[in-house]
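Taking it in order: structure first as structure tokens, then the write-up.
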Amino acid sequence: MNILLIGSGGRENAIAKGLYESEGLKKIFCTPGNPGIENFAESIDLNTSNHNEVLNYCNINNINLVVIGPEVPLVEGLADFLTQYDILVFGPKMLSAKLEGSKKFTKEICKKYEIPTAKFNSFNEEIMAIEFLKKQKFPIVIKADGLAAGKGVIIAENLDEGISAIQKNFSGAFNEAGKEIIIEEFLIGEEVSFFVLADENSFKELTSAQDHKRIGINDTGPNTGGMGAYSPAPIMTSKLKKETIERIIKPTLKAMKELGCPFTGVLYAGLMITNEGPKLIEYNVRFGDPECQVILPRLKTDLLSLMINCCKNKLSESIIEWDKRYALTIVMAAGGYPESYETGQLITGIDLAEKDPNITVFHAGTRKDNNSILTNGGRVISVTSFGSTVKEANTSAIDAINLIKWNNSYYRSDIGWRAIKREDNE
């Protein structure tokens with residue numbers, strides 16, 4: 001089997017490893033890839049926005065399965081295009097991908113199908129948005145409607161911060177993503193991520209995780225693409241899972257089916273666990289990054305078989321099994337991220353860290369120069385570890401991080417802090 005994987009982050013490194021370790025003979029290609037992915041796949045260079053270019057590559061190289069890691073190709077309709085030519089694609093079609101590509105689209109579905117979420121208003125004019133904001137209570141949340149690489153959400157603590165956030169969007173800071181904005185109430189509670197796998201006829205519960213979006217200790221500072229995660233999230237009890245499935249997941253899948261585009265692939269619900277129960281913050285239509293780096297290492301079921309069954313609407317035949325231990329990943333970033341940062345710094349010690357069989361290092365913002373690995377982005381690598389407790393997994397990951405060096409690296413040492421606090425109080 002020949003597989004084309006699309007993406008270059010830590011998520012795709014985790015997917016490539018999972019596919020490589022799956023049963024059966026296979027050849028994996030990845031565009032654009034990274035040095036970590038190249039341990040499992042051959043890197044190639046394709047413009048994935050040029051759908052004909054991807055199709056031609058698939059035809060020439062007899063690609064049987066395309067796995068789309070990031071959100072942009074999904075929102076651009078690559079899955080729709082390739083499936084017309086009988087190529088199996090793991091990932092939702094364009095209309096379903098709007099669940100992530102347009103926050104307004106998702107909010108309107110929530111309203112119609114009575115899915116619990118924050119109260120909201122949408123605006124495409126700066127003046128009207130500011131006038132509305134002046135009448136609101138703070139803190140309040142201001143979001144770019146479209147894709148903004150995880151950085152389009154701003155929590156405004158007061159009117160001045162809110163006006164600044166609105167102006168930032170309409171001045172083009174997030175390009176097309178900020179041409180329309182959502183202003184929504186600030187939900188109080190604890191965030192958690194919940195994942196399901198769906199085909200056109202059914203869905204399977206995957207697992208939960210907790211991401212840490214903010215750059216600073218104790219979840220302070222600006223949002224990032226994610227500074228670390230752990231799985232499963234103990235806060236996601238059986239009762240909360242059941243409520244999430246009945247009130248959020250099932251109505252959403254019903255909505256997409258009624259719109260004529262059944263959702264297929266990974267549906268990732270970002271939730272706030274409030275005093276009134278789980279409420280939907282937003283959807284992603286693919287594995288999260290860095291959540292993927294803790295979910296797939298725990299997956300005991302063959303990943304390739306699971307993806308193929310999903311593509312062929314045979315998901316009901318799959319039995320999904322998990323490692324019972326906690327997995328935790330810490331992102332090592334370039335100093336200065338998510339603002340300006342340097343690249344081209346020499347990284348050492350990855351081989352030392354991976355001598356521990358409990359440790360996996362997933363590459364994201366790296367590049368290879370001869371036999372050296374250099375930094376090439378904001379989030380550079382993810383260091384993943386297992387533990388019988390979240391605290392044990394955190395300690396193990398930090399021990400590995402202490403072996404990895406480059407000039408002006410940065411990481412959060414408190415990944416999993418809520419769960420660790422609960423463990424310490426037990």
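Ordering of the structure tokens sets the chain letters (A, B, ...), residue numbers begin anew at 1 in every chain, and ligands are numbered from 1 in the order given.
Contact shell of Glu342 (chain A) at 10 Å (only C-alpha atoms; same-chain neighbours under 4 positions omitted): Ala334, Gly335, Gly336, Tyr337, Thr375, Asn376, Gly377, Gly378, Asn407 and Asn408 of chain A.
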Mind dumping a table of every region 307-386 of chain A residue within 10 Å of region 214-235 of chain A, with the nearest atom pair and its distance in Å to one decimal, using only C-alpha atoms, sorted by chain and rising number, as JSON lines?
```
{"residue": "A:Trp322", "atom": "CA", "partner": "A:Pro232", "partner_atom": "CA", "distance": 10.0}
{"residue": "A:Lys324", "atom": "CA", "partner": "A:Pro232", "partner_atom": "CA", "distance": 8.7}
{"residue": "A:Arg325", "atom": "CA", "partner": "A:Pro232", "partner_atom": "CA", "distance": 8.4}
{"residue": "A:Tyr326", "atom": "CA", "partner": "A:Ser231", "partner_atom": "CA", "distance": 5.7}
{"residue": "A:Ala327", "atom": "CA", "partner": "A:Ser231", "partner_atom": "CA", "distance": 5.5}
{"residue": "A:Leu328", "atom": "CA", "partner": "A:Tyr230", "partner_atom": "CA", "distance": 4.1}
{"residue": "A:Thr329", "atom": "CA", "partner": "A:Gly228", "partner_atom": "CA", "distance": 5.3}
{"residue": "A:Ile330", "atom": "CA", "partner": "A:Gly228", "partner_atom": "CA", "distance": 4.4}
{"residue": "A:Val331", "atom": "CA", "partner": "A:Met227", "partner_atom": "CA", "distance": 5.0}
{"residue": "A:Met332", "atom": "CA", "partner": "A:Met227", "partner_atom": "CA", "distance": 7.7}
{"residue": "A:Ala333", "atom": "CA", "partner": "A:Met227", "partner_atom": "CA", "distance": 8.1}
{"residue": "A:Gly336", "atom": "CA", "partner": "A:Ile215", "partner_atom": "CA", "distance": 9.9}
{"residue": "A:Tyr337", "atom": "CA", "partner": "A:Ile215", "partner_atom": "CA", "distance": 8.0}
{"residue": "A:Pro338", "atom": "CA", "partner": "A:Thr224", "partner_atom": "CA", "distance": 6.0}
{"residue": "A:Glu339", "atom": "CA", "partner": "A:Pro222", "partner_atom": "CA", "distance": 9.4}
{"residue": "A:Gly378", "atom": "CA", "partner": "A:Gly225", "partner_atom": "CA", "distance": 9.4}
{"residue": "A:Arg379", "atom": "CA", "partner": "A:Met227", "partner_atom": "CA", "distance": 8.0}
{"residue": "A:Ser382", "atom": "CA", "partner": "A:Gly228", "partner_atom": "CA", "distance": 7.7}
{"residue": "A:Val383", "atom": "CA", "partner": "A:Gly228", "partner_atom": "CA", "distance": 8.9}
{"residue": "A:Thr384", "atom": "CA", "partner": "A:Tyr230", "partner_atom": "CA", "distance": 9.0}
{"residue": "A:Ser385", "atom": "CA", "partner": "A:Tyr230", "partner_atom": "CA", "distance": 9.4}
{"residue": "A:Phe386", "atom": "CA", "partner": "A:Tyr230", "partner_atom": "CA", "distance": 9.5}
```
Atoms to include: C-alpha atoms. Write the selected residues as a PDB file, in the first residue's frame.
```
ATOM      1  CA  TRP A 322      -5.967   2.061  24.545  1.00  0.00           C
ATOM      2  CA  LYS A 324      -4.244   2.598  30.212  1.00  0.00           C
ATOM      3  CA  ARG A 325      -1.301   4.790  31.203  1.00  0.00           C
ATOM      4  CA  TYR A 326      -1.196   8.563  30.916  1.00  0.00           C
ATOM      5  CA  ALA A 327       0.736  10.091  28.043  1.00  0.00           C
ATOM      6  CA  LEU A 328       2.016  13.653  28.393  1.00  0.00           C
ATOM      7  CA  THR A 329       3.837  15.834  25.889  1.00  0.00           C
ATOM      8  CA  ILE A 330       5.730  19.071  26.452  1.00  0.00           C
ATOM      9  CA  VAL A 331       6.440  21.408  23.551  1.00  0.00           C
ATOM     10  CA  MET A 332       9.925  22.878  23.378  1.00  0.00           C
ATOM     11  CA  ALA A 333       9.652  26.227  21.612  1.00  0.00           C
ATOM     12  CA  GLY A 336      10.152  34.627  21.908  1.00  0.00           C
ATOM     13  CA  TYR A 337       7.366  32.414  20.505  1.00  0.00           C
ATOM     14  CA  PRO A 338       4.486  33.178  19.791  1.00  0.00           C
ATOM     15  CA  GLU A 339       5.906  36.582  18.829  1.00  0.00           C
ATOM     16  CA  GLY A 378       8.205  28.526  16.835  1.00  0.00           C
ATOM     17  CA  ARG A 379       7.119  25.179  18.233  1.00  0.00           C
ATOM     18  CA  SER A 382       7.279  17.735  21.373  1.00  0.00           C
ATOM     19  CA  VAL A 383       8.684  15.420  24.038  1.00  0.00           C
ATOM     20  CA  THR A 384       6.199  12.675  24.946  1.00  0.00           C
ATOM     21  CA  SER A 385       6.365  10.350  27.950  1.00  0.00           C
ATOM     22  CA  PHE A 386       4.178   7.774  29.711  1.00  0.00           C
TER      23      PHE A 386
END
```
Exercise for review: Name the residues in contact with Ser208 (chain A) at a cut-off of 12 Å, using only C-alpha atoms, excluding same-chain residues fewer than 6 positions from it; report them as number ranges by chain.
Suggested key: A: 191-196, 229-238, 240-241, 244, 267-271, 287-288, 291-292, 294-296, 298, 322, 326-327
Output N, CA and C atoms for every residue in that selection, as a short mmCIF file (atom, residue, chain, number, x, y, z; two decimals), in the first residue's frame.
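Dumped to part.cif:
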```cif
data_model
loop_
_atom_site.label_atom_id
_atom_site.label_comp_id
_atom_site.auth_asym_id
_atom_site.auth_seq_id
_atom_site.Cartn_x
_atom_site.Cartn_y
_atom_site.Cartn_z
N GLU A 191 -11.19 23.62 30.61
CA GLU A 191 -11.22 23.17 29.22
C GLU A 191 -10.77 21.72 29.11
N VAL A 192 -11.38 21.01 28.17
CA VAL A 192 -10.96 19.64 27.87
C VAL A 192 -11.27 19.37 26.40
N SER A 193 -10.50 18.49 25.80
CA SER A 193 -10.70 18.11 24.40
C SER A 193 -11.26 16.69 24.35
N PHE A 194 -12.26 16.49 23.51
CA PHE A 194 -12.91 15.18 23.38
C PHE A 194 -12.94 14.81 21.90
N PHE A 195 -12.51 13.59 21.59
CA PHE A 195 -12.32 13.16 20.21
C PHE A 195 -13.21 11.98 19.87
N VAL A 196 -13.81 12.03 18.68
CA VAL A 196 -14.52 10.88 18.13
C VAL A 196 -14.04 10.66 16.70
N ALA A 229 0.23 18.82 26.25
CA ALA A 229 -1.06 18.16 26.46
C ALA A 229 -0.84 16.85 27.20
N TYR A 230 -1.93 16.31 27.74
CA TYR A 230 -1.87 14.96 28.31
C TYR A 230 -3.19 14.26 28.03
N SER A 231 -3.14 12.94 28.07
CA SER A 231 -4.32 12.11 27.77
C SER A 231 -4.23 10.81 28.56
N PRO A 232 -5.37 10.30 29.07
CA PRO A 232 -6.70 10.91 29.07
C PRO A 232 -6.80 12.00 30.13
N ALA A 233 -7.85 12.83 30.02
CA ALA A 233 -8.08 13.89 30.99
C ALA A 233 -9.02 13.37 32.07
N PRO A 234 -8.55 13.25 33.31
CA PRO A 234 -9.39 12.66 34.38
C PRO A 234 -10.69 13.41 34.61
N ILE A 235 -10.72 14.71 34.28
CA ILE A 235 -11.96 15.47 34.50
C ILE A 235 -13.10 14.95 33.63
N MET A 236 -12.76 14.27 32.53
CA MET A 236 -13.79 13.80 31.59
C MET A 236 -14.33 12.46 32.08
N THR A 237 -15.27 12.53 33.02
CA THR A 237 -15.86 11.33 33.61
C THR A 237 -16.80 10.66 32.63
N SER A 238 -17.22 9.44 32.96
CA SER A 238 -18.17 8.71 32.11
C SER A 238 -19.46 9.51 31.93
N LEU A 240 -19.81 12.82 32.02
CA LEU A 240 -19.56 13.95 31.13
C LEU A 240 -19.39 13.49 29.68
N LYS A 241 -18.77 12.33 29.48
CA LYS A 241 -18.64 11.78 28.13
C LYS A 241 -20.01 11.53 27.53
N THR A 244 -21.72 14.77 26.68
CA THR A 244 -21.09 15.38 25.51
C THR A 244 -21.55 14.70 24.22
N LEU A 267 -13.34 14.14 14.61
CA LEU A 267 -14.03 15.33 15.08
C LEU A 267 -13.56 15.60 16.51
N TYR A 268 -12.99 16.76 16.72
CA TYR A 268 -12.35 17.13 17.98
C TYR A 268 -13.13 18.29 18.57
N ALA A 269 -13.81 18.02 19.67
CA ALA A 269 -14.61 19.03 20.34
C ALA A 269 -13.80 19.66 21.46
N GLY A 270 -13.57 20.97 21.35
CA GLY A 270 -12.98 21.72 22.45
C GLY A 270 -14.10 22.15 23.37
N LEU A 271 -14.07 21.67 24.61
CA LEU A 271 -15.17 21.86 25.55
C LEU A 271 -14.76 22.71 26.74
N PHE A 287 -6.95 15.67 14.02
CA PHE A 287 -6.24 15.51 15.29
C PHE A 287 -5.62 16.86 15.68
N GLY A 288 -5.65 17.17 16.96
CA GLY A 288 -5.01 18.39 17.43
C GLY A 288 -3.49 18.24 17.46
N GLU A 291 -2.19 17.51 20.84
CA GLU A 291 -2.96 16.38 21.38
C GLU A 291 -2.66 15.06 20.67
N CYS A 292 -2.41 15.13 19.37
CA CYS A 292 -2.12 13.91 18.61
C CYS A 292 -0.90 13.19 19.17
N VAL A 294 -0.09 12.77 22.15
CA VAL A 294 -0.39 11.95 23.34
C VAL A 294 -1.50 10.93 23.08
N ILE A 295 -2.30 11.18 22.04
CA ILE A 295 -3.38 10.23 21.73
C ILE A 295 -2.85 9.02 20.97
N LEU A 296 -2.13 9.24 19.88
CA LEU A 296 -1.69 8.10 19.06
C LEU A 296 -0.70 7.19 19.79
N ARG A 298 -0.90 6.27 22.71
CA ARG A 298 -1.73 5.43 23.59
C ARG A 298 -2.58 4.43 22.81
N TRP A 322 -6.90 1.03 24.10
CA TRP A 322 -5.97 2.06 24.55
C TRP A 322 -5.00 1.55 25.60
N TYR A 326 -1.12 7.18 31.40
CA TYR A 326 -1.20 8.56 30.92
C TYR A 326 -0.03 8.83 29.97
N ALA A 327 -0.32 9.56 28.91
CA ALA A 327 0.74 10.09 28.04
C ALA A 327 0.72 11.61 28.18
#
```
Review point. So what do you get for CA of Ile6 (chain A) versus CA of Gly69 (chain A), distance-wise?
Key: 5.6 Å
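Counting from CA of Gly77 (chain A), the distance to CA of Val54 (chain A) is 12.3 Å.
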**Study point:** Atom pair CA of Pro73 (chain A) / CA of Leu4 (chain A): separation (Å)
**Key:** 13.3 Å
Exercise for review: Identify, with DSSP run on backbone atoms, the residues in region 221-352 of chain A assigned to helix (DSSP H, G or I), and express the list as a PyMOL selection string.
Suggested key: chain A and resi 238-258+292-298+303-311+315-317+350-352
Practice item. Excluding Thr48 (chain A) and any residue of its chain fewer than 3 positions from it, enumerate the residues within 12 Å of it, using only C-alpha atoms, and give them as a PyMOL selection string. Key: chain A and resi 4-7+30-32+44-45+51-58+66+68-79+81-82
Enumerate, in order of chain and increasing residue number, the residues of region 243-302 of chain A with an atom no farther than 12 Å from region 86-101 of chain A, each with its shortest atom pair and distance in Å to one decimal, counting only C-alpha atoms, as a Markdown table.
```
| residue | atom | partner | partner_atom | distance |
| --- | --- | --- | --- | --- |
| A:Thr252 | CA | A:Leu99 | CA | 9.2 |
| A:Leu253 | CA | A:Ser96 | CA | 9.4 |
| A:Lys254 | CA | A:Ser96 | CA | 11.5 |
| A:Ala255 | CA | A:Ser96 | CA | 9.8 |
| A:Met256 | CA | A:Ser96 | CA | 6.5 |
| A:Lys257 | CA | A:Ser96 | CA | 9.3 |
| A:Glu258 | CA | A:Ser96 | CA | 11.3 |
| A:Leu259 | CA | A:Leu95 | CA | 8.6 |
| A:Gly260 | CA | A:Leu95 | CA | 8.9 |
| A:Cys261 | CA | A:Ser96 | CA | 6.3 |
| A:Pro262 | CA | A:Ser96 | CA | 7.2 |
| A:Phe263 | CA | A:Ser96 | CA | 5.7 |
| A:Thr264 | CA | A:Pro92 | CA | 4.9 |
| A:Gly265 | CA | A:Gly91 | CA | 4.7 |
| A:Val266 | CA | A:Gly91 | CA | 7.0 |
| A:Leu267 | CA | A:Pro92 | CA | 9.0 |
| A:Tyr268 | CA | A:Glu100 | CA | 9.5 |
| A:Ala269 | CA | A:Glu100 | CA | 10.0 |
| A:Gly270 | CA | A:Glu100 | CA | 10.9 |
| A:Leu280 | CA | A:Leu99 | CA | 11.8 |
| A:Ile281 | CA | A:Glu100 | CA | 11.1 |
| A:Glu282 | CA | A:Glu100 | CA | 7.4 |
| A:Tyr283 | CA | A:Glu100 | CA | 5.4 |
| A:Asn284 | CA | A:Glu100 | CA | 5.0 |
| A:Val285 | CA | A:Ala97 | CA | 6.0 |
| A:Arg286 | CA | A:Gly91 | CA | 7.0 |
| A:Phe287 | CA | A:Gly91 | CA | 9.9 |
| A:Gly288 | CA | A:Glu100 | CA | 11.7 |
```
Practice item. May I have the residues within 10 Å of Lys405 (chain A) as number ranges by chain, using only C-alpha atoms and disregarding those fewer than 4 positions away in the same chain? Key: A: 332, 345-350, 401, 409
Write to file, as a compact mmCIF listing (two decimals), in the first residue's frame, the residues of the selection just made, with N, CA and C atoms.
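Contents of out.txt, freshly written:
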```txt
# COMPACT_ATOMS: atom_id res chain seq x y z
N MET A 332 8.77 22.00 23.26
CA MET A 332 9.92 22.88 23.38
C MET A 332 9.86 23.88 22.23
N GLN A 345 19.01 27.50 15.05
CA GLN A 345 19.81 27.12 16.21
C GLN A 345 20.07 25.61 16.19
N LEU A 346 21.30 25.20 16.49
CA LEU A 346 21.67 23.79 16.52
C LEU A 346 21.03 23.10 17.72
N ILE A 347 20.36 21.98 17.45
CA ILE A 347 19.72 21.19 18.51
C ILE A 347 20.59 19.97 18.81
N THR A 348 20.87 19.73 20.07
CA THR A 348 21.61 18.53 20.48
C THR A 348 20.83 17.79 21.55
N GLY A 349 21.10 16.51 21.69
CA GLY A 349 20.57 15.73 22.80
C GLY A 349 19.32 14.94 22.52
N ILE A 350 18.74 15.06 21.32
CA ILE A 350 17.52 14.28 21.04
C ILE A 350 17.82 12.79 21.13
N ILE A 401 13.72 16.44 28.54
CA ILE A 401 13.94 17.79 28.02
C ILE A 401 15.27 18.36 28.50
N SER A 409 16.00 28.12 24.17
CA SER A 409 14.80 27.28 24.09
C SER A 409 13.88 27.61 25.26
```
Study note, to complete from the structure: Leu197 (chain A) proximity check over A:Asn313, A:Gln84, A:Thr343, A:Ser164, using only C-alpha atoms: winner is A:Asn313
Point to revise | Selection near region 417-426 of chain A, 6 Å with only C-alpha atoms, sequence-local residues under 2 positions removed, as JSON, numbers by chain | key: {"A": [391, 414, 415]}
Exercise for review: Quick one: pick out all strand (DSSP E) residues within region 105-323 of chain A from a backbone DSSP run and write them as a PyMOL selection string.
Suggested key: chain A and resi 120-123+140-144+153-156+181-185+190-198+203-211+214-216+220-223+228-231+265-274+277-284
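Compared by their closest atoms to Asn175 (chain A), and using only C-alpha atoms, the residues A:Asp211, A:Asp323, A:Glu200, A:Asp145 rank with A:Asp145 nearest.
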